[in-house]
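One structure below.
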Amino acid sequence: MSRMYRPRLLLSVLLLLCQAAGARATAAGGDQAKVDSSLKFIAHVESIHVNIDQQPLVDWVKPIFEVLDKRFQSETKPRTVVVEVTLHPDGPADVLVGARPALADADVRAIQKAADTSRSPHSRVVDATFRIEAKLNGGTPEKSGPFTPPLPSPGDRKLARFKPASTKEKLALIESWARNEAIPLLGEFARRRDRLEHQATRDFGKLLASIKRDGPIDVPALSEKNDFFWRAMIEAPSGDQLVPAAWVALCAANGQLDYARRIADAIEPFSAEGFGSSELLREFRWRVQLFDQDLEERIQKGIALNDDGHYDEAIKVYDSVLADDPASAWAHYELFQSKVAKSLKSKTPVALDWPAARKAILQADPLYGSMASAESPDELYDLLLRREIQTLFSDEHNATRDIFRYADIARDLGQPGFAAMLYWNAKRSIKPDAHENRNLTADALYCLEMLGVIEVKTKFPGDHAAEFKRLDAERAKRKKESPARGAIEEPKKN
């Protein structure tokens, strides 16, 4: 049973405040308007908990509820009034007032006066938006038209800004969101875990909080090669993907969207809704989905040009994509393929540097599903494993089996951190009989040993040296029996 994160105190106080406001309006009785007021944060409950100081907010919103209660006592028709407030960590709040039907200017001014932005509280970490909604005489139906002035949701406003942006601008917006919103929130989620056994989680949160808002980020040092990262992952309740979500955000902040997306996709089946990290992962997904649509449209244009024999034009397309997104593994791969095709068709040799192209692809996505060539048994084995990744998760009935195979492939392709993340989540989420009682703890610790994170294993009983030796032997056997052996002759040694 996972322990969902439900900070009840803040919400209960705000709920009592709203109920008191509604009670005052209803108690007026007679032919006066009935005003039902409520407050709703547009954020996950865990974000509210770490981002809002309770008492200053309660004190500040009281006059808003009071003016909504008293101002409209003579109303005889249904009306809905919305006061949208956005708190900032470093400045006065923004206040928008909308209604359906429209309010008189004097009513708007009275509400804005009550919402005195010169005295507004600040959010702790990132912007925080909430809406106070007053329904007069039951309020107007949802389908009765827009508010005046229009009040698009914060999500709609983000989408309206993001969707028309260019590929390069979308990448910059994702990087900014990851660095200025996701990482600070995840750091606070971690720092504020209050159970005794969550000390490593709190320490990991301090690391995230220390990240500067600009400049490069050493992602491996803060994630897969960091002891606190793994201890925090082990401490986390089942379904809480705070630590992998931080890995996603760190990669995204560094512009490494391919690998960030791969991590996010891998942990999605293990994520539970009771944690703020799930909401942040959703925010990442819709952003990267729109980014991918732009990227795919451009790369497919290059592929079409390549297939028609217009290699120079295709190369120009890929170069332009890489100018906007230098960490696109797909664009690097297709660029090399077009250069190969041009070289084969041209009387003038074209310089080809596969090692450099391969390096660029793997820096963007270490688990990219294809390679252009294999010149040794080891490279062919690598290529076959990558191709196998593309066959996984095509049948939902094999999803459990494919999770373990994905982890094994990641480990054998030199990505033990990704593999350990999958092994650990599978251990907590999948019944042992579904994987024939495989020792997933040993699998995960073996991967950490490969990464040089050697202290975590001391927290687990067992003969780790023997388990690691067994796993070494199993890996060597699989590689030896692979079709890659013998397909390419080993170079003879002098």
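Naming scheme: A, B, ... for chains in displayed order of the structure tokens; residues 1 onward per chain; ligands 1 onward as shown.
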
Residues of stretch 109-163 of chain A at most 6 Å from stretch 46-54 of chain A: nearest atom pair and distance in Å, only C-alpha atoms, as a tab-separated table:
residue	atom	partner	partner_atom	distance
A:Ser123	CA	A:Ile52	CA	5.3
A:Arg124	CA	A:Asn51	CA	4.8
A:Val125	CA	A:Asn51	CA	5.5

Would you return as a ChimeraX atom specification the members of stretch 92-191 of chain A that DSSP assigns to strand (DSSP E) on this structure's backbone? /A:92-100,128-136

Written selection (C-alpha atoms) as a tab-separated table (two decimals), in the first residue's frame:
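Just written: part.tsv:
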chain	number	residue	atom	x	y	z
A	92	PRO	CA	3.08	41.46	-5.47
A	93	ALA	CA	0.28	39.17	-6.59
A	94	ASP	CA	-1.54	39.47	-9.90
A	95	VAL	CA	-5.31	39.70	-9.52
A	96	LEU	CA	-7.84	39.20	-12.32
A	97	VAL	CA	-11.60	39.57	-11.88
A	98	GLY	CA	-14.08	38.05	-14.31
A	99	ALA	CA	-17.78	37.31	-14.20
A	100	ARG	CA	-20.62	35.73	-16.11
A	128	ALA	CA	1.02	29.81	-7.24
A	129	THR	CA	-2.41	30.41	-8.76
A	130	PHE	CA	-5.77	29.99	-7.09
A	131	ARG	CA	-9.33	31.06	-7.87
A	132	ILE	CA	-12.01	32.31	-5.54
A	133	GLU	CA	-15.36	31.58	-7.11
A	134	ALA	CA	-18.60	33.13	-5.88
A	135	LYS	CA	-21.85	31.67	-7.17
A	136	LEU	CA	-24.74	34.07	-6.72

Write out as a PDB file with N, CA and C atoms, in the first residue's frame the residues lying within 9 Å of A:Tyr381, counting only C-alpha atoms and excluding same-chain residues fewer than 4 positions away.
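So part.pdb came out as:
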ATOM      1  N   ALA A 374      28.220  -1.496 -37.908  1.00  0.00           N
ATOM      2  CA  ALA A 374      28.856  -2.308 -36.870  1.00  0.00           C
ATOM      3  C   ALA A 374      30.093  -2.947 -37.486  1.00  0.00           C
ATOM      4  N   SER A 376      32.572  -4.668 -35.615  1.00  0.00           N
ATOM      5  CA  SER A 376      33.165  -5.701 -34.773  1.00  0.00           C
ATOM      6  C   SER A 376      32.040  -6.482 -34.123  1.00  0.00           C
ATOM      7  N   PRO A 377      32.325  -7.657 -33.580  1.00  0.00           N
ATOM      8  CA  PRO A 377      31.276  -8.409 -32.884  1.00  0.00           C
ATOM      9  C   PRO A 377      30.639  -7.615 -31.739  1.00  0.00           C
ATOM     10  N   LEU A 385      21.036  -5.272 -29.763  1.00  0.00           N
ATOM     11  CA  LEU A 385      20.328  -4.900 -28.542  1.00  0.00           C
ATOM     12  C   LEU A 385      19.485  -3.648 -28.767  1.00  0.00           C
ATOM     13  N   ARG A 386      20.049  -2.676 -29.471  1.00  0.00           N
ATOM     14  CA  ARG A 386      19.319  -1.433 -29.732  1.00  0.00           C
ATOM     15  C   ARG A 386      18.081  -1.697 -30.588  1.00  0.00           C
ATOM     16  N   LYS A 479      26.186 -12.830 -24.146  1.00  0.00           N
ATOM     17  CA  LYS A 479      26.950 -12.174 -25.205  1.00  0.00           C
ATOM     18  C   LYS A 479      27.646 -13.196 -26.095  1.00  0.00           C
ATOM     19  N   SER A 482      25.193 -14.845 -28.451  1.00  0.00           N
ATOM     20  CA  SER A 482      24.463 -13.931 -29.333  1.00  0.00           C
ATOM     21  C   SER A 482      24.784 -14.217 -30.799  1.00  0.00           C
ATOM     22  N   PRO A 483      23.831 -14.008 -31.714  1.00  0.00           N
ATOM     23  CA  PRO A 483      24.106 -14.143 -33.149  1.00  0.00           C
ATOM     24  C   PRO A 483      25.209 -13.217 -33.629  1.00  0.00           C
ATOM     25  N   ALA A 484      25.544 -12.214 -32.831  1.00  0.00           N
ATOM     26  CA  ALA A 484      26.613 -11.288 -33.221  1.00  0.00           C
ATOM     27  C   ALA A 484      27.965 -11.977 -33.264  1.00  0.00           C
ATOM     28  N   ARG A 485      28.144 -12.987 -32.423  1.00  0.00           N
ATOM     29  CA  ARG A 485      29.419 -13.709 -32.424  1.00  0.00           C
ATOM     30  C   ARG A 485      29.489 -14.567 -33.667  1.00  0.00           C
TER      31      ARG A 485
END

Leaving out A:Ala246 and any residue of its chain fewer than 6 positions from it, which residues lie within 9 Å of it when counting only C-alpha atoms, given as a list in words? Ala182, Ile183, Leu186, Gly187, Leu208, Ser223 and Ser277 of chain A

What does the distance between atom CA of A:His198 and atom CA of A:Lys459 come to in Å, to one decimal place?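 Atom-to-atom, atom CA of A:His198 and atom CA of A:Lys459 are spaced 14.3 Å apart.
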
Would you kindly return, as a list in words, each protein, DNA or RNA residue with an atom no farther than 12 Å from any atom of A:Phe393, considering only C-alpha atoms and excluding same-chain residues fewer than 3 positions away?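 My list of contacting residues is Asp265, Ala266, Pro269, Glu388, Ile389, Gln390, Glu396, His397, Asn398, Ala399, Thr400, Arg401, Asp402, Ile403, Phe404, Arg405 and Tyr406 of chain A.
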
With only C-alpha atoms as the counted atoms, please give the residues lying no more than 9 Å from A:Gly91, apart from itself and same-chain residues fewer than 5 positions off, as a list in words.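 The contact residues come out as Ser120, Pro121 and His122 of chain A.
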
As a list in words, please: the residues near stretch 102-117 of chain A (cut-off 8 Å, only C-alpha atoms, same-chain neighbours under 6 positions excluded).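 Everything that qualifies: Trp60, Val61, Pro63, Ile64, Val67, Leu68, Arg71, Pro92, Ala93, Asp94, Val95, Phe147, Thr148 and Pro149 of chain A.
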
Take the residues just selected and output them with N, CA and C atoms as a compact mmCIF listing (two decimals), in the first residue's frame.
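That gives us out.txt:
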# COMPACT_ATOMS: atom_id res chain seq x y z
N TRP A 60 -5.04 37.37 4.21
CA TRP A 60 -5.16 38.24 3.03
C TRP A 60 -6.45 38.01 2.26
N VAL A 61 -6.91 36.74 2.18
CA VAL A 61 -8.10 36.47 1.37
C VAL A 61 -9.40 36.80 2.09
N PRO A 63 -10.72 39.57 3.33
CA PRO A 63 -11.48 40.72 2.80
C PRO A 63 -12.09 40.43 1.42
N ILE A 64 -11.47 39.56 0.66
CA ILE A 64 -12.03 39.22 -0.66
C ILE A 64 -13.34 38.47 -0.48
N VAL A 67 -16.08 40.95 0.75
CA VAL A 67 -16.68 41.83 -0.25
C VAL A 67 -17.58 41.05 -1.20
N LEU A 68 -17.22 39.80 -1.49
CA LEU A 68 -18.07 38.97 -2.34
C LEU A 68 -19.39 38.65 -1.64
N ARG A 71 -21.26 42.49 -1.26
CA ARG A 71 -21.45 43.36 -2.41
C ARG A 71 -22.68 43.00 -3.24
N PRO A 92 4.50 41.46 -5.84
CA PRO A 92 3.08 41.46 -5.47
C PRO A 92 2.27 40.52 -6.36
N ALA A 93 1.14 40.10 -5.86
CA ALA A 93 0.28 39.17 -6.59
C ALA A 93 -0.34 39.85 -7.81
N ASP A 94 -0.71 39.03 -8.78
CA ASP A 94 -1.54 39.47 -9.90
C ASP A 94 -2.98 39.07 -9.59
N VAL A 95 -3.90 39.97 -9.80
CA VAL A 95 -5.31 39.70 -9.52
C VAL A 95 -6.14 40.01 -10.76
N PHE A 147 -16.40 34.14 -19.47
CA PHE A 147 -16.33 35.21 -18.48
C PHE A 147 -15.98 36.51 -19.18
N THR A 148 -16.35 37.61 -18.55
CA THR A 148 -16.00 38.93 -19.03
C THR A 148 -15.23 39.66 -17.93
N PRO A 149 -13.96 40.03 -18.18
CA PRO A 149 -13.17 39.67 -19.37
C PRO A 149 -12.84 38.18 -19.34
